[in-house]
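Participant: CSV, C-alpha atoms and all ligand atoms, saved as structure_12.csv, coming up:
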```csv
chain,number,residue,atom,x,y,z
J,16,MET,CA,0.9,32.1,1.6
J,17,SER,CA,-0.2,30.0,-1.4
J,18,THR,CA,-1.3,26.5,-0.5
J,19,ARG,CA,0.1,25.3,-3.8
J,20,ALA,CA,3.8,24.4,-3.8
J,21,PRO,CA,6.0,26.1,-6.5
J,22,ASP,CA,7.3,24.2,-9.6
J,23,ILE,CA,10.8,23.0,-9.0
J,24,ASP,CA,13.3,22.4,-11.8
J,25,PRO,CA,14.0,18.7,-11.8
J,26,ALA,CA,17.6,19.5,-12.8
J,27,ASP,CA,18.0,21.4,-9.5
J,28,CYS,CA,16.7,18.6,-7.2
J,29,GLY,CA,17.1,15.4,-9.2
J,30,PRO,CA,20.8,14.7,-8.4
J,31,MET,CA,20.0,15.0,-4.7
J,32,LEU,CA,16.9,12.9,-4.7
J,33,ALA,CA,18.5,10.2,-6.9
J,34,GLY,CA,21.1,9.9,-4.2
J,35,LEU,CA,18.6,8.7,-1.7
J,36,THR,CA,18.8,4.9,-1.7
J,37,ALA,CA,15.5,3.3,-2.7
J,38,PRO,CA,14.9,-0.3,-1.9
J,39,LEU,CA,12.9,-2.4,-4.4
J,40,ALA,CA,10.2,-4.3,-2.6
J,41,ALA,CA,6.9,-6.2,-3.2
J,42,VAL,CA,4.4,-4.8,-0.7
J,43,SER,CA,1.8,-7.5,-0.1
J,44,THR,CA,-1.4,-7.4,1.9
J,45,ARG,CA,-4.4,-9.5,2.7
J,46,SER,CA,-7.9,-8.1,3.3
J,47,ALA,CA,-10.6,-10.7,4.1
J,48,ASP,CA,-10.2,-13.4,1.4
J,49,SER,CA,-8.3,-11.2,-1.0
J,50,VAL,CA,-4.5,-11.1,-1.4
J,51,ASN,CA,-2.5,-8.7,-3.5
J,52,ALA,CA,1.0,-7.2,-3.9
J,53,GLN,CA,2.5,-4.2,-5.7
J,54,ILE,CA,6.0,-3.0,-6.2
J,55,ALA,CA,7.2,0.0,-4.1
J,56,VAL,CA,10.4,1.9,-3.7
J,57,ALA,CA,9.2,4.6,-1.3
J,58,ILE,CA,10.0,2.8,1.9
J,59,THR,CA,12.1,4.2,4.7
J,60,SER,CA,13.2,3.0,8.2
J,61,ALA,CA,11.3,4.9,10.9
J,62,SER,CA,12.6,3.7,14.3
J,63,ILE,CA,15.8,4.2,16.2
J,64,VAL,CA,15.0,1.3,18.5
J,65,LEU,CA,16.8,-1.7,17.0
J,66,HIS,CA,14.5,-4.3,18.4
J,67,ARG,CA,11.3,-2.4,17.6
J,68,PRO,CA,11.7,-1.7,13.8
J,69,ARG,CA,9.2,0.6,12.1
J,70,LEU,CA,8.9,1.7,8.5
J,71,ILE,CA,7.1,4.4,6.5
J,72,VAL,CA,5.6,2.9,3.4
J,73,GLN,CA,4.2,5.3,0.8
J,74,ILE,CA,1.3,3.8,-1.2
J,75,TYR,CA,-0.5,5.7,-4.0
J,76,ARG,CA,-4.3,6.0,-3.7
J,77,THR,CA,-4.9,4.8,-7.3
J,78,ASN,CA,-3.5,1.4,-6.4
J,79,HIS,CA,-5.7,-1.5,-5.5
J,80,SER,CA,-3.3,-2.3,-2.7
J,81,HIS,CA,-4.0,1.1,-1.1
J,82,ASP,CA,-7.6,0.3,-0.2
J,83,LEU,CA,-6.7,-3.3,0.9
J,84,ILE,CA,-4.0,-2.0,3.2
J,85,ALA,CA,-6.2,0.9,4.5
J,86,ASN,CA,-9.0,-1.6,5.2
J,87,SER,CA,-7.0,-4.4,6.7
J,88,GLY,CA,-4.2,-2.5,8.5
J,89,VAL,CA,-1.6,-5.1,7.5
J,90,LEU,CA,1.1,-5.5,4.9
J,91,ALA,CA,4.4,-7.4,4.3
J,92,VAL,CA,7.5,-5.9,2.7
J,93,ASN,CA,9.3,-8.4,0.6
J,94,PHE,CA,12.7,-7.0,-0.4
J,95,LEU,CA,13.5,-8.3,-3.9
J,96,SER,CA,16.6,-10.2,-4.8
J,97,PRO,CA,18.3,-9.8,-8.2
J,98,ASP,CA,16.7,-12.9,-9.7
J,99,GLN,CA,13.1,-11.6,-9.1
J,100,LEU,CA,13.2,-9.2,-12.0
J,101,PRO,CA,9.9,-10.6,-13.5
J,102,LEU,CA,8.0,-9.5,-10.3
J,103,ILE,CA,8.5,-5.9,-11.4
J,104,TRP,CA,6.2,-6.6,-14.4
J,105,GLU,CA,3.8,-8.9,-12.6
J,106,LEU,CA,3.3,-6.8,-9.5
J,107,GLY,CA,4.3,-3.3,-10.6
J,108,MET,CA,2.9,-2.8,-14.1
J,109,GLN,CA,-0.6,-4.3,-13.7
J,110,SER,CA,-3.3,-4.0,-11.0
J,111,GLY,CA,-4.9,-6.5,-8.8
J,112,ARG,CA,-8.2,-5.0,-9.9
J,113,ASP,CA,-7.6,-6.6,-13.3
J,114,VAL,CA,-5.6,-9.8,-12.5
J,115,ASP,CA,-5.1,-12.3,-9.7
J,116,LYS,CA,-1.4,-11.6,-9.1
J,117,PHE,CA,-1.0,-14.6,-6.9
J,118,GLU,CA,-2.5,-17.1,-9.3
J,119,HIS,CA,1.0,-18.2,-10.3
J,120,ILE,CA,3.1,-16.8,-7.5
J,121,PRO,CA,3.6,-19.2,-4.5
J,122,TYR,CA,3.7,-17.6,-1.1
J,123,SER,CA,3.6,-18.4,2.6
J,124,THR,CA,2.1,-16.3,5.3
J,125,GLY,CA,3.1,-15.0,8.8
J,126,PRO,CA,1.0,-13.4,11.5
J,127,THR,CA,-0.8,-10.9,9.4
J,128,GLY,CA,-1.7,-13.3,6.5
J,129,SER,CA,0.0,-11.0,4.0
J,130,PRO,CA,1.9,-13.0,1.3
J,131,LEU,CA,5.6,-13.7,1.9
J,132,ILE,CA,7.3,-14.4,-1.4
J,133,PRO,CA,9.9,-17.1,-1.5
J,134,GLY,CA,13.2,-16.1,-3.1
J,135,SER,CA,13.1,-12.6,-1.7
J,136,PHE,CA,16.2,-11.1,0.0
J,137,GLY,CA,14.0,-11.0,3.1
J,138,TYR,CA,10.6,-10.0,4.4
J,139,LEU,CA,9.0,-8.0,7.2
J,140,ASP,CA,5.4,-8.8,8.2
J,141,CYS,CA,3.9,-5.6,9.6
J,142,ARG,CA,0.8,-3.9,10.9
J,143,VAL,CA,-0.2,-0.3,10.4
J,144,VAL,CA,0.1,1.9,13.5
J,145,ASN,CA,-0.7,5.3,11.9
J,146,ALA,CA,-1.2,6.9,8.5
J,147,MET,CA,-0.7,10.3,7.0
J,148,ASP,CA,-2.8,11.5,4.1
J,149,GLY,CA,-0.7,13.0,1.3
J,150,GLY,CA,-3.5,13.7,-1.1
J,151,ASP,CA,-2.3,11.4,-3.9
J,152,MET,CA,-0.8,8.8,-1.5
J,153,THR,CA,-0.9,7.6,2.1
J,154,ALA,CA,2.3,7.3,4.1
J,155,PHE,CA,1.6,4.2,6.3
J,156,LEU,CA,3.7,4.0,9.5
J,157,VAL,CA,4.0,0.3,10.2
J,158,GLU,CA,5.6,-1.8,13.0
J,159,VAL,CA,7.3,-5.1,12.3
J,160,LEU,CA,5.7,-8.2,13.8
J,161,THR,CA,8.1,-10.8,12.3
J,162,ALA,CA,11.3,-10.4,10.2
J,163,GLN,CA,13.5,-12.8,8.3
J,164,THR,CA,16.5,-12.1,6.1
J,165,VAL,CA,16.8,-15.1,3.8
J,166,GLY,CA,18.9,-14.2,0.8
J,167,HIS,CA,22.4,-12.7,0.3
J,168,GLU,CA,21.8,-9.9,-2.2
J,169,ARG,CA,19.1,-7.3,-2.6
J,170,MET,CA,18.0,-5.6,-5.9
J,171,THR,CA,17.6,-1.8,-6.1
J,172,TRP,CA,15.6,0.1,-8.7
J,173,ARG,CA,18.9,1.5,-9.9
J,174,ASP,CA,20.2,-2.0,-10.6
J,175,ALA,CA,16.9,-3.2,-12.1
J,176,ARG,CA,16.1,-0.3,-14.4
J,177,PRO,CA,18.8,-1.0,-17.0
J,178,ARG,CA,17.9,-4.7,-17.0
J,179,LEU,CA,14.2,-4.2,-17.9
J,180,PRO,CA,13.2,-5.5,-21.4
J,181,GLN,CA,12.4,-2.6,-23.7
J,182,ASN,CA,8.7,-3.2,-23.7
J,183,TRP,CA,8.6,-3.1,-19.9
J,184,ALA,CA,10.6,0.1,-19.8
J,185,ASP,CA,8.2,1.7,-22.4
J,186,GLU,CA,5.2,0.6,-20.3
J,187,TRP,CA,6.8,2.0,-17.2
J,188,ASP,CA,7.5,5.4,-18.9
J,189,ARG,CA,3.8,5.5,-20.0
J,190,LYS,CA,2.4,4.5,-16.6
J,191,ILE,CA,4.6,6.9,-14.6
J,192,ALA,CA,3.7,9.8,-16.9
J,193,SER,CA,0.0,9.0,-16.5
J,194,GLU,CA,0.3,8.7,-12.7
J,195,MET,CA,2.3,11.9,-12.4
J,196,ASN,CA,-0.7,13.7,-14.0
J,197,ILE,CA,-3.1,12.1,-11.5
J,198,SER,CA,-0.8,13.1,-8.6
J,199,LEU,CA,-0.6,16.7,-9.9
J,200,ASP,CA,-4.4,16.9,-9.7
J,201,THR,CA,-4.8,15.2,-6.3
J,202,MET,CA,-1.7,16.0,-4.2
J,203,GLY,CA,-3.3,19.2,-2.9
J,204,ALA,CA,-6.4,17.4,-1.7
J,205,ILE,CA,-5.3,16.5,1.8
J,206,ASN,CA,-7.9,15.8,4.3
J,207,PRO,CA,-7.8,18.8,6.7
J,208,SER,CA,-8.3,16.7,9.8
J,209,ALA,CA,-5.1,14.9,8.9
J,210,ARG,CA,-3.1,18.0,8.1
J,211,VAL,CA,0.0,18.6,10.1
J,212,GLU,CA,-0.3,21.9,12.0
J,213,GLN,CA,1.5,24.7,10.1
J,214,THR,CA,3.9,26.3,12.6
J,215,ARG,CA,6.0,28.5,10.4
J,216,SER,CA,5.0,31.4,8.3
J,217,GLY,CA,7.9,31.3,5.8
J,218,PRO,CA,7.5,31.1,2.0
J,301,LIG,C1,9.9,0.3,-9.9
J,301,LIG,C2,8.6,0.7,-9.3
J,301,LIG,C3,8.5,1.4,-8.2
J,301,LIG,C4,7.2,1.7,-7.6
J,301,LIG,N1,7.1,2.4,-6.5
J,301,LIG,C5,5.9,2.6,-5.9
J,301,LIG,C6,5.8,3.1,-4.6
J,301,LIG,O1,6.8,3.4,-3.9
J,301,LIG,N2,4.6,3.3,-4.1
J,301,LIG,C7,3.4,3.0,-4.8
J,301,LIG,O2,2.3,3.2,-4.3
J,301,LIG,N3,3.5,2.5,-6.0
J,301,LIG,C8,4.7,2.2,-6.6
J,301,LIG,N4,4.8,1.6,-7.8
J,301,LIG,C9,3.6,1.4,-8.6
J,301,LIG,C10,2.8,0.2,-8.3
J,301,LIG,O3,3.6,-1.0,-8.0
J,301,LIG,C11,1.9,-0.1,-9.4
J,301,LIG,O4,1.0,1.0,-9.7
J,301,LIG,C12,1.0,-1.4,-9.3
J,301,LIG,O5,0.5,-1.7,-10.5
J,301,LIG,C13,-0.1,-1.2,-8.3
J,301,LIG,O6,-0.8,-2.5,-8.2
J,301,LIG,P1,-2.2,-2.6,-7.5
J,301,LIG,O7,-3.2,-1.8,-8.2
J,301,LIG,O8,-2.5,-4.1,-7.7
J,301,LIG,O9,-2.0,-2.3,-6.1
J,301,LIG,C14,6.0,1.3,-8.3
J,301,LIG,C15,6.2,0.5,-9.5
J,301,LIG,C16,7.4,0.2,-10.0
J,301,LIG,C17,7.5,-0.6,-11.3
```
Would it be possible to restate this file's structure as structure tokens?

Facilitator:
Amino acid sequence: MSTRAPDIDPADCGPMLAGLTAPLAAVSTRSADSVNAQIAVAITSASIVLHRPRLIVQIYRTNHSHDLIANSGVLAVNFLSPDQLPLIWELGMQSGRDVDKFEHIPYSTGPTGSPLIPGSFGYLDCRVVNAMDGGDMTAFLVEVLTAQTVGHERMTWRDARPRLPQNWADEWDRKIASEMNISLDTMGAINPSARVEQTRSGP
């Protein structure tokens, strides 16, 4: 069996994948003296025990946040509210390697020290309990240490996308095209020691 997945026509799977609800969040972290945050939509609930919430948060390896989270083992998920549209540009279109993203963004901190951004729909302060290497990204399994819902309305990527100024939308299209090329090159490079045992011999 080939280790490389087949090309799938986006027209065949797009309508199904677009139907998966994606939250829009600022994933923040602290490592030593350094704080940073990025935008993420690839976040899912990963616990059936209501009072022990867990999430899986997918962070791409090219991001500065990736190494900070891998080093510190902590992150906070700040679910965005509709009036936080500017954070999509500030946290999602530029890298903490190039700018201090929190120079002009106020924040408080919880147990992990990861920034909690006021005005968010709510936030979850979390620590990493495990991680899966995906080649181009890492899926961090995190458990929630503190949680607070503050706002009344959340913003989804579906709501936000049509509200982006044209130059942001253009920059997003350029950035995602470049990152898709990087992923295509790196998604097969999974650390074998972290590979899930193959139990089926199907196609
Ligand atoms: C709408 C949107 C959704 C995004 N979703 C994710 C995601 O789920 N996971 C991820 O790692 N990066 C995601 N990104 C990309 C990062 O936010 C972006 O690359 C950021 O500049 C990384 O910042 P950093 O280098 O300071 O960590 C998203 C960006 C946007 C604008």

Participant: Do you have the atom CA of J:Arg173-atom CA of J:Leu131 distance handy?

Facilitator: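 For atom CA of J:Arg173 relative to atom CA of J:Leu131, the distance reads 23.4 Å.
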
Participant: Which residues come within 6 Å of J:Gln73, counting only C-alpha atoms, excluding same-chain residues fewer than 6 positions away, as a short mmCIF file (atom, residue, chain, number, x, y, z; two decimals) with C-alpha atoms, in the frame of the given file?

Facilitator:
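Once written, result_1.cif looks like this:
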```cif
data_model
loop_
_atom_site.label_atom_id
_atom_site.label_comp_id
_atom_site.auth_asym_id
_atom_site.auth_seq_id
_atom_site.Cartn_x
_atom_site.Cartn_y
_atom_site.Cartn_z
CA ALA J 57 9.20 4.60 -1.30
CA THR J 153 -0.90 7.60 2.10
CA ALA J 154 2.30 7.30 4.10
#
```

Participant: Given only C-alpha atoms and all ligand atoms, how would the per-residue table for chain J near ligand LIG 301 (chain J) read, listing every residue at most 6 Å away with its closest atom pair and distance in Å to one decimal, sorted by chain and number, as CSV?

Facilitator:
```
residue,atom,partner,partner_atom,distance
J:Gln53,CA,J:LIG301,O3,4.1
J:Ile54,CA,J:LIG301,O3,3.6
J:Ala55,CA,J:LIG301,N1,3.4
J:Val56,CA,J:LIG301,O1,3.9
J:Ala57,CA,J:LIG301,O1,3.7
J:Gln73,CA,J:LIG301,N2,5.3
J:Ile74,CA,J:LIG301,O2,3.3
J:Tyr75,CA,J:LIG301,O2,3.8
J:Asn78,CA,J:LIG301,O7,3.7
J:His79,CA,J:LIG301,O7,3.7
J:Ser80,CA,J:LIG301,O9,3.6
J:Ile103,CA,J:LIG301,C17,5.4
J:Leu106,CA,J:LIG301,C12,5.9
J:Gly107,CA,J:LIG301,O3,3.5
J:Met108,CA,J:LIG301,O5,4.5
J:Gln109,CA,J:LIG301,O5,4.3
J:Ser110,CA,J:LIG301,O8,3.4
J:Gly111,CA,J:LIG301,O8,3.6
J:Trp172,CA,J:LIG301,C1,5.8
```

Participant: Please provide the set of residues having any atom within 10 Å of J:Ile84, restricted to only C-alpha atoms, with same-chain residues fewer than 2 positions apart removed, written as a list of chain:residue names.

Facilitator: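 Close residues of J:Ile84: J:Val42, J:Ser43, J:Thr44, J:Arg45, J:Ser46, J:Asn51, J:Ile74, J:His79, J:Ser80, J:His81, J:Asp82, J:Asn86, J:Ser87, J:Gly88, J:Val89, J:Leu90, J:Ser129, J:Arg142, J:Val143, J:Phe155.
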
Participant: So the first atom is atom CA of J:Phe117 and the second is atom CA of J:Val50; what is the distance between them in Å, to one decimal place?

Facilitator: 7.4 Å

Participant: Between atom CA of J:Asp24 and atom CA of J:Met170, what is the distance, to one decimal in Å?

Facilitator: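 Distance between the two atoms: 29.0 Å.
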
Participant: Can you pull out the residues contacting J:Leu179? Cut-off 10 Å, using all atoms listed in the file, and skip same-chain residues under 6 positions away; I want them as a PyMOL selection string.

Facilitator: chain J and resi 100-101+103-104+185+187

Participant: So which one's closest to J:Phe136, J:Val72, J:Ile205, J:Val165, J:Leu65? Using only C-alpha atoms, please.

Facilitator: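 Closest to J:Phe136, using only C-alpha atoms: J:Val165.
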
Participant: Can you work out which one of J:Gly203, J:Gly134, J:Pro38, J:Pro97 has the shortest atom-to-atom distance to J:Tyr122, counting all atoms listed in the file?

Facilitator: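 Of J:Gly203, J:Gly134, J:Pro38, J:Pro97, the one nearest J:Tyr122, counting all atoms listed in the file, is J:Gly134.
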
Participant: Tell me which protein, DNA and RNA residues are within 12 Å of J:Ser198, counting only C-alpha atoms, leaving out same-chain ones fewer than 6 positions away, and put them as a ChimeraX atom specification.

Facilitator: /J:75-77,149-152,191-192,204-205

Participant: Using the selection just defined, write its residues with C-alpha atoms as a PDB file, in the frame of the given file.

Facilitator:
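Below you can see again-v9.pdb, which holds the result:
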```pdb
ATOM      1  CA  TYR J  75      -0.500   5.700  -4.000  1.00  0.00           C
ATOM      2  CA  ARG J  76      -4.300   6.000  -3.700  1.00  0.00           C
ATOM      3  CA  THR J  77      -4.900   4.800  -7.300  1.00  0.00           C
ATOM      4  CA  GLY J 149      -0.700  13.000   1.300  1.00  0.00           C
ATOM      5  CA  GLY J 150      -3.500  13.700  -1.100  1.00  0.00           C
ATOM      6  CA  ASP J 151      -2.300  11.400  -3.900  1.00  0.00           C
ATOM      7  CA  MET J 152      -0.800   8.800  -1.500  1.00  0.00           C
ATOM      8  CA  ILE J 191       4.600   6.900 -14.600  1.00  0.00           C
ATOM      9  CA  ALA J 192       3.700   9.800 -16.900  1.00  0.00           C
ATOM     10  CA  ALA J 204      -6.400  17.400  -1.700  1.00  0.00           C
ATOM     11  CA  ILE J 205      -5.300  16.500   1.800  1.00  0.00           C
TER      12      ILE J 205
END
```

Participant: What box, with edges along x, y and z, holds each listed atom of stretch 132-143 of chain J when 4 Å is added on every side, and can you state its centre and edge lengths in Å to one decimal, as AutoDock Vina command-line options?

Facilitator:
```
--center_x 8.0 --center_y -8.7 --center_z 3.9 --size_x 24.4 --size_y 24.8 --size_z 22.0
```

Participant: Go through J:Ile132, J:Thr171, J:Ser123, J:Arg112 one by one, measure the shortest atom-to-atom distance of each to J:Thr36 using all atoms listed in the file, and give the residue with the smallest value.

Facilitator: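 Closest residue, counting all atoms listed in the file: J:Thr171.
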
Participant: So, with only C-alpha atoms as the atoms that count, which of J:Arg67, J:Ala40, J:Ala33, J:Ala85 lies closest to J:Asp148?

Facilitator: J:Ala85

Participant: Calculated over all atoms listed in the file, which of the candidates J:Gly166, J:Ser49, J:Asp140, J:Thr59 has the smallest distance to J:Gln99?

Facilitator: J:Gly166

Participant: Pick out the closest residue to J:Asp98 from this set: J:Arg19, J:Arg69, J:His119, J:Arg178. Count all atoms listed in the file.

Facilitator: J:Arg178
